[in-house]
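Visitor: Contents of input_19.txt (compact mmCIF, C-alpha atoms and all ligand atoms) are below:
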# COMPACT_ATOMS: atom_id res chain seq x y z
CA MET A 1 -139.95 -76.31 -85.97
CA HIS A 2 -136.28 -76.51 -84.94
CA VAL A 3 -135.75 -79.87 -86.67
CA PRO A 4 -135.15 -79.34 -90.40
CA LYS A 5 -137.75 -80.79 -92.74
CA ILE A 6 -135.99 -82.55 -95.62
CA LEU A 7 -137.77 -81.19 -98.68
CA LYS A 8 -137.47 -81.76 -102.41
CA ILE A 9 -137.03 -78.64 -104.55
CA LYS A 10 -140.30 -78.33 -106.53
CA ARG A 11 -138.98 -75.88 -109.09
CA ILE A 12 -136.28 -73.27 -109.61
CA ILE A 13 -136.70 -69.82 -111.16
CA LYS A 14 -133.66 -67.95 -112.50
CA GLU A 15 -134.38 -64.38 -111.47
CA SER A 16 -131.14 -62.64 -112.57
CA PRO A 17 -127.56 -63.59 -113.49
CA ASP A 18 -126.76 -64.50 -109.86
CA VAL A 19 -130.13 -65.00 -108.09
CA LYS A 20 -132.28 -68.13 -108.20
CA THR A 21 -135.57 -68.80 -106.38
CA PHE A 22 -136.04 -72.30 -104.94
CA ILE A 23 -139.65 -73.37 -104.37
CA PHE A 24 -140.58 -75.97 -101.73
CA PRO A 25 -143.85 -77.64 -100.74
CA TRP A 26 -144.81 -76.29 -97.30
CA ASP A 27 -147.41 -77.56 -94.86
CA GLY A 28 -145.83 -76.02 -91.74
CA ARG A 29 -146.63 -72.75 -90.00
CA SER A 30 -147.09 -70.09 -92.64
CA PRO A 31 -144.31 -67.47 -92.56
CA VAL A 32 -144.96 -63.74 -92.20
CA PRO A 33 -143.17 -61.57 -94.82
CA GLY A 34 -139.77 -60.64 -93.36
CA GLN A 35 -139.32 -63.93 -91.49
CA PHE A 36 -136.53 -66.26 -92.54
CA MET A 37 -135.76 -69.98 -92.80
CA MET A 38 -132.54 -71.86 -92.06
CA ILE A 39 -131.47 -73.77 -95.17
CA TRP A 40 -129.25 -76.84 -94.72
CA ASP A 41 -127.41 -78.52 -97.59
CA PHE A 42 -126.19 -81.35 -95.31
CA LYS A 43 -122.82 -79.57 -95.02
CA ASP A 44 -123.65 -76.09 -93.75
CA GLU A 45 -126.73 -74.12 -92.74
CA LYS A 46 -127.54 -70.48 -93.62
CA PRO A 47 -130.37 -67.98 -93.03
CA MET A 48 -132.52 -67.00 -96.03
CA SER A 49 -135.58 -64.74 -96.13
CA VAL A 50 -138.85 -66.14 -97.39
CA SER A 51 -139.50 -64.56 -100.80
CA LEU A 52 -142.69 -66.44 -101.71
CA ILE A 53 -145.59 -67.33 -99.41
CA ASP A 54 -148.27 -69.15 -101.41
CA LYS A 55 -150.97 -70.34 -99.01
CA THR A 56 -153.20 -71.54 -101.87
CA ASN A 57 -150.68 -73.98 -103.32
CA ASN A 58 -148.90 -74.69 -100.01
CA GLU A 59 -145.55 -73.46 -101.27
CA ILE A 60 -142.77 -71.27 -99.98
CA GLY A 61 -139.80 -69.87 -101.88
CA ILE A 62 -136.36 -68.59 -101.01
CA SER A 63 -134.27 -66.49 -103.37
CA ILE A 64 -130.53 -66.98 -103.12
CA ARG A 65 -127.76 -64.77 -104.46
CA LYS A 66 -124.58 -66.68 -105.27
CA VAL A 67 -121.88 -65.05 -103.14
CA GLY A 68 -119.74 -67.78 -101.56
CA PRO A 69 -119.28 -71.51 -100.90
CA PHE A 70 -122.75 -72.33 -99.53
CA THR A 71 -124.76 -70.34 -102.04
CA SER A 72 -122.62 -71.69 -104.91
CA ARG A 73 -123.36 -75.28 -103.86
CA VAL A 74 -127.10 -74.59 -103.61
CA HIS A 75 -127.09 -72.91 -107.03
CA LYS A 76 -125.83 -76.21 -108.53
CA LEU A 77 -128.89 -78.12 -107.27
CA GLY A 78 -131.79 -79.02 -109.55
CA LYS A 79 -135.51 -79.79 -109.31
CA GLY A 80 -136.05 -82.87 -107.10
CA ASP A 81 -132.83 -82.38 -105.11
CA GLN A 82 -133.20 -82.13 -101.35
CA LEU A 83 -132.45 -79.43 -98.78
CA GLY A 84 -133.16 -79.18 -95.06
CA VAL A 85 -135.51 -76.34 -94.15
CA ARG A 86 -136.33 -75.16 -90.61
CA GLY A 87 -138.36 -72.17 -89.53
CA PRO A 88 -140.00 -69.74 -89.97
CA TYR A 89 -137.87 -67.64 -87.61
CA GLY A 90 -137.76 -64.11 -86.27
CA ARG A 91 -140.05 -61.12 -86.31
CA GLY A 92 -141.37 -60.18 -89.73
CA PHE A 93 -142.86 -56.95 -91.08
CA SER A 94 -146.00 -55.61 -89.48
CA ILE A 95 -148.28 -54.28 -92.22
CA GLU A 96 -149.85 -51.13 -90.76
CA GLY A 97 -151.15 -47.77 -91.90
CA TYR A 98 -152.81 -47.15 -95.24
CA ARG A 99 -150.14 -45.96 -97.70
CA ILE A 100 -147.01 -48.07 -97.61
CA LEU A 101 -143.62 -47.49 -99.18
CA ALA A 102 -141.56 -50.66 -99.73
CA ILE A 103 -137.87 -50.39 -100.64
CA GLY A 104 -135.57 -53.24 -101.65
CA GLY A 105 -131.95 -53.17 -102.80
CA GLY A 106 -130.38 -56.15 -104.59
CA VAL A 107 -131.39 -59.49 -103.07
CA GLY A 108 -132.97 -57.42 -100.27
CA MET A 109 -135.99 -57.51 -102.59
CA ALA A 110 -136.59 -61.12 -101.41
CA PRO A 111 -138.66 -60.32 -98.29
CA ILE A 112 -139.97 -57.12 -99.90
CA VAL A 113 -141.73 -58.91 -102.79
CA ALA A 114 -143.50 -61.23 -100.32
CA LEU A 115 -144.50 -58.18 -98.27
CA VAL A 116 -145.85 -56.28 -101.30
CA GLU A 117 -147.91 -59.30 -102.39
CA GLU A 118 -149.44 -59.66 -98.94
CA ALA A 119 -150.08 -55.93 -98.47
CA ARG A 120 -151.76 -55.63 -101.90
CA ALA A 121 -153.86 -58.75 -101.24
CA ARG A 122 -155.08 -56.93 -98.10
CA ASP A 123 -155.80 -53.80 -100.18
CA PHE A 124 -153.07 -51.53 -98.85
CA GLU A 125 -151.80 -48.86 -101.24
CA VAL A 126 -148.17 -49.68 -101.99
CA ASP A 127 -145.36 -47.85 -103.77
CA VAL A 128 -142.21 -49.89 -104.22
CA ILE A 129 -138.67 -48.79 -104.97
CA VAL A 130 -136.67 -51.57 -106.63
CA ALA A 131 -132.92 -50.87 -106.66
CA ALA A 132 -130.06 -52.83 -108.22
CA ARG A 133 -126.71 -52.32 -109.90
CA THR A 134 -127.99 -52.97 -113.45
CA TYR A 135 -131.32 -53.59 -115.22
CA ASP A 136 -130.64 -57.38 -115.37
CA GLU A 137 -130.34 -57.44 -111.60
CA LEU A 138 -133.70 -55.78 -110.84
CA LEU A 139 -135.67 -58.53 -109.11
CA PHE A 140 -139.31 -59.69 -109.25
CA LEU A 141 -140.61 -56.96 -111.58
CA ASP A 142 -143.23 -59.31 -113.13
CA ARG A 143 -144.58 -60.41 -109.74
CA LEU A 144 -144.68 -56.81 -108.53
CA LYS A 145 -146.53 -55.62 -111.66
CA LYS A 146 -149.21 -58.28 -111.06
CA THR A 147 -149.93 -56.84 -107.59
CA GLY A 148 -150.85 -53.43 -108.99
CA ALA A 149 -148.32 -51.66 -106.74
CA ARG A 150 -146.70 -48.54 -108.22
CA ILE A 151 -143.12 -49.46 -109.13
CA PHE A 152 -140.13 -47.08 -109.13
CA THR A 153 -136.92 -48.66 -110.39
CA CYS A 154 -133.38 -47.33 -110.17
CA THR A 155 -129.97 -48.71 -111.05
CA ASP A 156 -126.39 -47.62 -110.42
CA ASP A 157 -125.68 -47.53 -114.17
CA GLY A 158 -128.98 -45.95 -115.29
CA SER A 159 -129.89 -48.95 -117.48
CA CYS A 160 -133.53 -48.88 -116.27
CA GLY A 161 -133.98 -45.17 -116.97
CA PHE A 162 -133.26 -43.74 -113.51
CA LYS A 163 -129.54 -43.54 -112.63
CA GLY A 164 -128.95 -43.49 -108.90
CA LEU A 165 -129.30 -45.24 -105.58
CA ALA A 166 -132.50 -46.12 -103.70
CA ILE A 167 -132.04 -42.99 -101.55
CA ASP A 168 -131.90 -40.81 -104.72
CA ARG A 169 -135.14 -42.45 -105.95
CA LEU A 170 -136.77 -41.89 -102.57
CA LYS A 171 -135.93 -38.18 -102.74
CA THR A 172 -137.94 -37.92 -106.01
CA LEU A 173 -141.08 -39.20 -104.25
CA ASN A 174 -142.46 -36.21 -102.41
CA GLU A 175 -145.48 -38.09 -101.14
CA SER A 176 -146.57 -38.93 -97.66
CA TYR A 177 -146.57 -42.49 -96.42
CA ASP A 178 -147.84 -44.02 -93.20
CA MET A 179 -145.09 -46.62 -93.07
CA ALA A 180 -141.93 -47.67 -94.95
CA MET A 181 -140.48 -51.20 -95.08
CA VAL A 182 -136.88 -51.58 -96.15
CA CYS A 183 -134.37 -54.37 -96.90
CA GLY A 184 -130.98 -54.15 -98.57
CA PRO A 185 -127.33 -53.33 -97.89
CA GLU A 186 -127.03 -51.67 -94.49
CA ALA A 187 -125.37 -48.51 -95.85
CA MET A 188 -128.43 -48.08 -98.09
CA MET A 189 -130.78 -48.68 -95.16
CA LYS A 190 -128.97 -46.14 -92.94
CA GLY A 191 -129.36 -43.41 -95.59
CA ILE A 192 -133.03 -44.25 -96.00
CA PHE A 193 -133.52 -44.34 -92.22
CA LEU A 194 -132.15 -40.77 -91.94
CA GLU A 195 -134.36 -39.52 -94.80
CA LEU A 196 -137.47 -41.17 -93.32
CA GLU A 197 -136.68 -39.64 -89.93
CA LYS A 198 -136.45 -36.21 -91.58
CA ARG A 199 -139.86 -36.76 -93.16
CA GLY A 200 -141.43 -38.22 -90.01
CA ILE A 201 -142.24 -41.57 -91.65
CA PRO A 202 -141.92 -44.61 -89.36
CA GLY A 203 -139.87 -47.41 -90.89
CA GLN A 204 -139.26 -51.11 -90.49
CA PHE A 205 -135.83 -52.38 -91.54
CA SER A 206 -134.67 -55.97 -92.06
CA LEU A 207 -131.15 -56.43 -90.69
CA GLU A 208 -128.60 -59.12 -91.57
CA ARG A 209 -126.16 -60.38 -88.98
CA TYR A 210 -124.08 -63.55 -88.84
CA MET A 211 -126.38 -66.29 -87.51
CA LYS A 212 -125.61 -69.72 -86.16
CA CYS A 213 -128.52 -71.22 -84.21
CA ALA A 214 -131.29 -68.83 -85.38
CA MET A 215 -133.33 -69.61 -82.26
CA GLY A 216 -131.90 -67.14 -79.80
CA LEU A 217 -129.54 -69.43 -77.91
CA CYS A 218 -126.02 -68.75 -79.15
CA GLY A 219 -126.11 -64.94 -78.94
CA HIS A 220 -123.91 -64.54 -82.01
CA CYS A 221 -126.25 -62.06 -83.70
CA CYS A 222 -126.72 -59.78 -80.64
CA LEU A 223 -126.65 -56.04 -81.41
CA ASP A 224 -124.65 -53.38 -79.54
CA ASP A 225 -125.78 -51.82 -77.15
CA THR A 226 -129.23 -53.32 -76.76
CA GLY A 227 -128.27 -57.00 -76.88
CA TRP A 228 -131.27 -57.71 -79.11
CA ARG A 229 -130.85 -60.93 -81.05
CA VAL A 230 -131.40 -60.33 -84.76
CA CYS A 231 -132.72 -63.91 -85.11
CA VAL A 232 -135.46 -63.46 -82.46
CA GLU A 233 -136.15 -59.76 -81.77
CA GLY A 234 -135.39 -59.11 -85.49
CA PRO A 235 -134.53 -59.43 -88.27
CA VAL A 236 -137.09 -56.60 -88.72
CA PHE A 237 -136.58 -53.60 -86.43
CA TRP A 238 -138.53 -50.35 -86.26
CA SER A 239 -136.94 -46.89 -86.64
CA HIS A 240 -137.50 -46.05 -82.95
CA GLU A 241 -135.70 -49.26 -81.99
CA LEU A 242 -132.78 -48.71 -84.37
CA LYS A 243 -132.09 -45.36 -82.71
CA MET A 244 -130.85 -47.43 -79.75
CA VAL A 245 -128.66 -49.75 -81.87
CA LYS A 246 -125.14 -48.31 -81.86
CA GLU A 247 -123.85 -50.59 -84.62
CA PHE A 248 -126.66 -49.90 -87.14
CA GLY A 249 -125.02 -48.53 -90.29
CA GLU A 250 -121.59 -48.72 -88.63
CA TYR A 251 -120.28 -52.30 -88.26
CA LYS A 252 -121.19 -55.98 -87.91
CA ARG A 253 -119.54 -59.15 -86.62
CA ASP A 254 -118.02 -61.98 -88.65
CA ALA A 255 -118.18 -65.74 -88.03
CA THR A 256 -115.65 -65.44 -85.18
CA GLY A 257 -117.50 -62.59 -83.48
CA ALA A 258 -114.85 -60.02 -84.49
CA ILE A 259 -116.10 -56.55 -85.42
CA ARG A 260 -115.90 -55.85 -89.17
CA PRO A 261 -116.81 -52.80 -91.22
CA LEU A 262 -120.02 -53.13 -93.25
CA GLY A 263 -119.32 -54.64 -96.71
C1 LIG B 1 -132.02 -62.89 -91.71
C2 LIG B 1 -131.21 -63.11 -92.97
C3 LIG B 1 -131.86 -63.26 -94.18
C4 LIG B 1 -131.13 -63.46 -95.35
N1 LIG B 1 -131.81 -63.60 -96.52
C5 LIG B 1 -131.13 -63.83 -97.66
C6 LIG B 1 -131.83 -64.02 -98.89
O1 LIG B 1 -133.06 -63.97 -98.95
N2 LIG B 1 -131.10 -64.26 -99.99
C7 LIG B 1 -129.73 -64.32 -99.96
O2 LIG B 1 -129.12 -64.57 -101.02
N3 LIG B 1 -129.05 -64.12 -98.82
C8 LIG B 1 -129.72 -63.89 -97.68
N4 LIG B 1 -129.02 -63.74 -96.50
C9 LIG B 1 -127.55 -63.78 -96.52
C10 LIG B 1 -127.08 -65.22 -96.58
O3 LIG B 1 -127.34 -65.89 -95.39
C11 LIG B 1 -125.56 -65.23 -96.89
O4 LIG B 1 -125.33 -64.58 -98.12
C12 LIG B 1 -125.04 -66.64 -97.03
O5 LIG B 1 -125.01 -67.22 -95.77
C13 LIG B 1 -123.68 -66.65 -97.65
O6 LIG B 1 -123.08 -67.92 -97.51
P1 LIG B 1 -121.89 -68.35 -98.47
O7 LIG B 1 -121.19 -69.54 -97.87
O8 LIG B 1 -122.37 -68.54 -99.86
O9 LIG B 1 -120.93 -67.08 -98.51
P2 LIG B 1 -119.80 -66.59 -97.50
O10 LIG B 1 -118.59 -66.33 -98.36
O11 LIG B 1 -119.65 -67.51 -96.33
O12 LIG B 1 -120.39 -65.21 -96.98
C14 LIG B 1 -120.77 -64.12 -97.80
C15 LIG B 1 -121.52 -63.10 -96.96
O13 LIG B 1 -122.64 -63.72 -96.29
C16 LIG B 1 -122.56 -63.55 -94.88
N5 LIG B 1 -122.87 -64.81 -94.18
C17 LIG B 1 -122.21 -65.99 -94.30
N6 LIG B 1 -122.73 -66.89 -93.45
C18 LIG B 1 -123.73 -66.26 -92.76
C19 LIG B 1 -124.59 -66.64 -91.71
N7 LIG B 1 -124.57 -67.86 -91.15
N8 LIG B 1 -125.46 -65.71 -91.23
C20 LIG B 1 -125.51 -64.47 -91.75
N9 LIG B 1 -124.70 -64.05 -92.75
C21 LIG B 1 -123.82 -64.93 -93.24
C22 LIG B 1 -121.09 -63.22 -94.60
O14 LIG B 1 -120.97 -62.45 -93.42
C23 LIG B 1 -120.69 -62.47 -95.82
O15 LIG B 1 -121.05 -61.12 -95.72
C24 LIG B 1 -129.70 -63.51 -95.30
C25 LIG B 1 -129.05 -63.36 -94.08
C26 LIG B 1 -129.78 -63.14 -92.93
C27 LIG B 1 -129.06 -62.98 -91.62
Do you think you could lay out the structure here as structure tokens?
Ligand SMILES: Cc1cc2nc3c(=O)[nH]c(=O)nc-3n(C[C@H](O)[C@H](O)[C@H](O)COP(=O)(O)OP(=O)(O)OC[C@H]3O[C@@H](n4cnc5c(N)ncnc54)[C@H](O)[C@@H]3O)c2cc1C
Guide:
Amino acid sequence: MHVPKILKIKRIIKESPDVKTFIFPWDGRSPVPGQFMMIWDFKDEKPMSVSLIDKTNNEIGISIRKVGPFTSRVHKLGKGDQLGVRGPYGRGFSIEGYRILAIGGGVGMAPIVALVEEARARDFEVDVIVAARTYDELLFLDRLKKTGARIFTCTDDGSCGFKGLAIDRLKTLNESYDMAMVCGPEAMMKGIFLELEKRGIPGQFSLERYMKCAMGLCGHCCLDDTGWRVCVEGPVFWSHELKMVKEFGEYKRDATGAIRPLG
């Protein structure tokens, strides 16, 4: 599991102007939605959530937003090119309750779409809030529609009909849910965490922290004050756990370990 499998890209789906999904054949341990893989382009290695878990066709997918040197190099690859893939790592979402609310912002929709597909396949009732800056950047709408989940979109510029952030969309849903699962920018997740607390809805949140080894050895992704490693105890944490995490919604650490404000 810790040795990367060198895999050929089976196909690539362009999801939005800056997000592509890379599909790989997979005969290893099946990931749980919310778990992540380490992707190696023979130069650098980065964590990426699993966005597609297809046990019938033995495939997994990762969806990558082009933001910097690594993701730009991977975006230049084509079908048949190779990448190293190790994992799955971390603690994923635990699908519990009966009525589930799933919320994804930007490329945070990657683990959320896999979660919605699994929850619907197991007959859970799912509402999903899909948030992005513009209509073009709303991810996985076709896949979500196929699941039969109720979809609530929102964009910063109003180009999908609802103008506002994920938290604004959440405030329009005066329904009760047994559980909420959330992934996106941390400022978004903190606002949603506070709203869910007010409504007494337990939540599970997927955190991003700078990761090096991804197997719990280096300690780079440890959280203040609990010391939990995001790569092992996370990346998914429950509301009651996040109450003990001082840095949640406040700051993170960069590649050197220095404290940085959330981007
Ligand atoms: C558990 C987890 C799951 C993720 N899932 C996805 C996903 O599904 N799709 C996606 O597009 N991105 C995902 N990311 C973020 C992704 O790892 C970074 O965007 C990527 O590493 C950026 O590399 P870069 O060289 O292109 O950009 P850089 O310019 O190096 O960095 C851009 C941003 O990515 C962060 N980053 C860079 N390297 C790492 C690292 N080793 N660990 C954590 N963050 C890093 C930086 O702190 C910075 O905020 C995930 C991160 C984590 C921790």
Visitor: Could you give me, as a tab-separated table (two decimals) with C-alpha atoms, keeping the file's coordinate frame, the residues that sit within 6 Å of (-131.7, -75.0, -97.3) in the file's coordinates, counting only C-alpha atoms?
Guide:
chain	number	residue	atom	x	y	z
A	39	ILE	CA	-131.47	-73.77	-95.17
A	40	TRP	CA	-129.25	-76.84	-94.72
A	41	ASP	CA	-127.41	-78.52	-97.59
A	83	LEU	CA	-132.45	-79.43	-98.78
A	84	GLY	CA	-133.16	-79.18	-95.06
A	85	VAL	CA	-135.51	-76.34	-94.15
Visitor: What lies within 10 Å of Phe70 of chain A using all atoms listed in the file, ignoring chain neighbours under 2 positions off, as a ChimeraX atom specification?
Guide: /A:39-41,43-46,66-68,72-75
Visitor: Please determine, counting only C-alpha atoms, which residue among A:Gly97, A:Gly249, A:Pro111, A:Pro31 has the shortest atom-to-atom distance to Leu194 of chain A.
Guide: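 Of A:Gly97, A:Gly249, A:Pro111, A:Pro31, the one nearest Leu194 of chain A is A:Gly249, counting only C-alpha atoms.
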Visitor: So how many Å separate atom CA of Val130 of chain A and atom O9 of ligand LIG 1 (chain B), to one decimal?
Guide: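 Taking atom CA of Val130 of chain A as the start and atom O9 of ligand LIG 1 (chain B) as the end point, the length is 23.5 Å.
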Visitor: What is the atom CA of Cys183 of chain A-atom CA of Gly104 of chain A distance in Å, reported with one decimal?
Guide: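 Answer for the atom CA of Cys183 of chain A to atom CA of Gly104 of chain A separation: 5.0 Å.
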Visitor: Rank nothing, just name the residue among A:Trp26, A:Ser16, A:Leu138, A:Ser239 nearest to Asp54 of chain A, using only C-alpha atoms.
Guide: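 Smallest distance to Asp54 of chain A is found for A:Trp26.
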Visitor: Using all atoms listed in the file, which residue out of A:Thr256, A:Thr153, A:Thr226, A:Asn58 lies closest to ligand LIG 1 (chain B)?
Guide: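 Counting all atoms listed in the file, the residue closest to ligand LIG 1 (chain B) is A:Thr256.
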Visitor: Using all atoms listed in the file, find each residue with an atom at most 9 Å away from ligand LIG 1 (chain B) and format the answer as a short mmCIF file (atom, residue, chain, number, x, y, z; two decimals) with C-alpha atoms, in the frame of the given file.
Guide:
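Wrote part30.cif, looks like this:
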data_model
loop_
_atom_site.label_atom_id
_atom_site.label_comp_id
_atom_site.auth_asym_id
_atom_site.auth_seq_id
_atom_site.Cartn_x
_atom_site.Cartn_y
_atom_site.Cartn_z
CA VAL A 19 -130.13 -65.00 -108.09
CA LYS A 20 -132.28 -68.13 -108.20
CA GLY A 34 -139.77 -60.64 -93.36
CA GLN A 35 -139.32 -63.93 -91.49
CA PHE A 36 -136.53 -66.26 -92.54
CA MET A 37 -135.76 -69.98 -92.80
CA MET A 38 -132.54 -71.86 -92.06
CA ILE A 39 -131.47 -73.77 -95.17
CA ASP A 44 -123.65 -76.09 -93.75
CA GLU A 45 -126.73 -74.12 -92.74
CA LYS A 46 -127.54 -70.48 -93.62
CA PRO A 47 -130.37 -67.98 -93.03
CA MET A 48 -132.52 -67.00 -96.03
CA SER A 49 -135.58 -64.74 -96.13
CA VAL A 50 -138.85 -66.14 -97.39
CA SER A 51 -139.50 -64.56 -100.80
CA ILE A 62 -136.36 -68.59 -101.01
CA SER A 63 -134.27 -66.49 -103.37
CA ILE A 64 -130.53 -66.98 -103.12
CA ARG A 65 -127.76 -64.77 -104.46
CA LYS A 66 -124.58 -66.68 -105.27
CA VAL A 67 -121.88 -65.05 -103.14
CA GLY A 68 -119.74 -67.78 -101.56
CA PRO A 69 -119.28 -71.51 -100.90
CA PHE A 70 -122.75 -72.33 -99.53
CA THR A 71 -124.76 -70.34 -102.04
CA SER A 72 -122.62 -71.69 -104.91
CA ARG A 73 -123.36 -75.28 -103.86
CA VAL A 74 -127.10 -74.59 -103.61
CA TYR A 89 -137.87 -67.64 -87.61
CA GLY A 90 -137.76 -64.11 -86.27
CA VAL A 107 -131.39 -59.49 -103.07
CA GLY A 108 -132.97 -57.42 -100.27
CA MET A 109 -135.99 -57.51 -102.59
CA ALA A 110 -136.59 -61.12 -101.41
CA PRO A 111 -138.66 -60.32 -98.29
CA SER A 206 -134.67 -55.97 -92.06
CA LEU A 207 -131.15 -56.43 -90.69
CA GLU A 208 -128.60 -59.12 -91.57
CA ARG A 209 -126.16 -60.38 -88.98
CA TYR A 210 -124.08 -63.55 -88.84
CA MET A 211 -126.38 -66.29 -87.51
CA LYS A 212 -125.61 -69.72 -86.16
CA CYS A 213 -128.52 -71.22 -84.21
CA ALA A 214 -131.29 -68.83 -85.38
CA CYS A 221 -126.25 -62.06 -83.70
CA VAL A 230 -131.40 -60.33 -84.76
CA CYS A 231 -132.72 -63.91 -85.11
CA GLY A 234 -135.39 -59.11 -85.49
CA PRO A 235 -134.53 -59.43 -88.27
CA VAL A 236 -137.09 -56.60 -88.72
CA LYS A 252 -121.19 -55.98 -87.91
CA ARG A 253 -119.54 -59.15 -86.62
CA ASP A 254 -118.02 -61.98 -88.65
CA ALA A 255 -118.18 -65.74 -88.03
CA LEU A 262 -120.02 -53.13 -93.25
CA GLY A 263 -119.32 -54.64 -96.71
#
Visitor: Between atom CA of Gly216 of chain A and atom CA of Arg229 of chain A, what is the spacing in Å?
Guide: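 For atom CA of Arg229 of chain A relative to atom CA of Gly216 of chain A, the distance reads 6.4 Å.
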Visitor: So that each row is one residue of segment 137-234 of chain A with an atom at most 7 Å from segment 119-126 of chain A, can you give its shortest atom pair and the distance in Å to one decimal, using all atoms listed in the file, rows by chain and rising number, as a Markdown table?
Guide:
| residue | atom | partner | partner_atom | distance |
| --- | --- | --- | --- | --- |
| A:Thr147 | CA | A:Arg120 | CA | 6.1 |
| A:Ala149 | CA | A:Val126 | CA | 5.1 |
| A:Arg150 | CA | A:Val126 | CA | 6.5 |
Visitor: Go ahead and save the picked residues with C-alpha atoms, as a compact mmCIF listing (two decimals), in the coordinates of the input.
Guide:
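The file below, again.txt, is the result:
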# COMPACT_ATOMS: atom_id res chain seq x y z
CA THR A 147 -149.93 -56.84 -107.59
CA ALA A 149 -148.32 -51.66 -106.74
CA ARG A 150 -146.70 -48.54 -108.22
Visitor: Do you know which residues are at most 9 Å from Val113 of chain A counting only C-alpha atoms, after dropping those on the same chain fewer than 6 positions away, and could you put them as a list of chain:residue names?
Guide: A:Pro33, A:Ser51, A:Leu52, A:Ala102, A:Gly104, A:Leu139, A:Phe140, A:Arg143, A:Leu144
Visitor: Using all atoms listed in the file, find the one residue out of A:Leu242, A:Cys160, A:Leu101, A:Leu115 that sits nearest to Ile201 of chain A.
Guide: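 Among the listed residues, the smallest separation from Ile201 of chain A belongs to A:Leu101.
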Visitor: Identify which of the residues A:Gly219, A:Gly87, A:Gly106, A:Gly78 lies closest to Val3 of chain A, counting all atoms listed in the file when measuring atom-to-atom distances.
Guide: A:Gly87
Visitor: Go through A:Met181, A:Ile103, A:Ala187, A:Leu141 and flag the residue nearest Gly203 of chain A, using all atoms listed in the file for the distances.
Guide: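 Closest to Gly203 of chain A, using all atoms listed in the file: A:Met181.
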Visitor: Find the spatial neighbours of Ile192 of chain A, counting all atoms listed in the file, within a cut-off of 10 Å - ignore same-chain residues fewer than 2 positions away - and output them as a PyMOL selection string.
Guide: chain A and resi 103+166-168+170-171+180+182+186-190+194-198+203+205
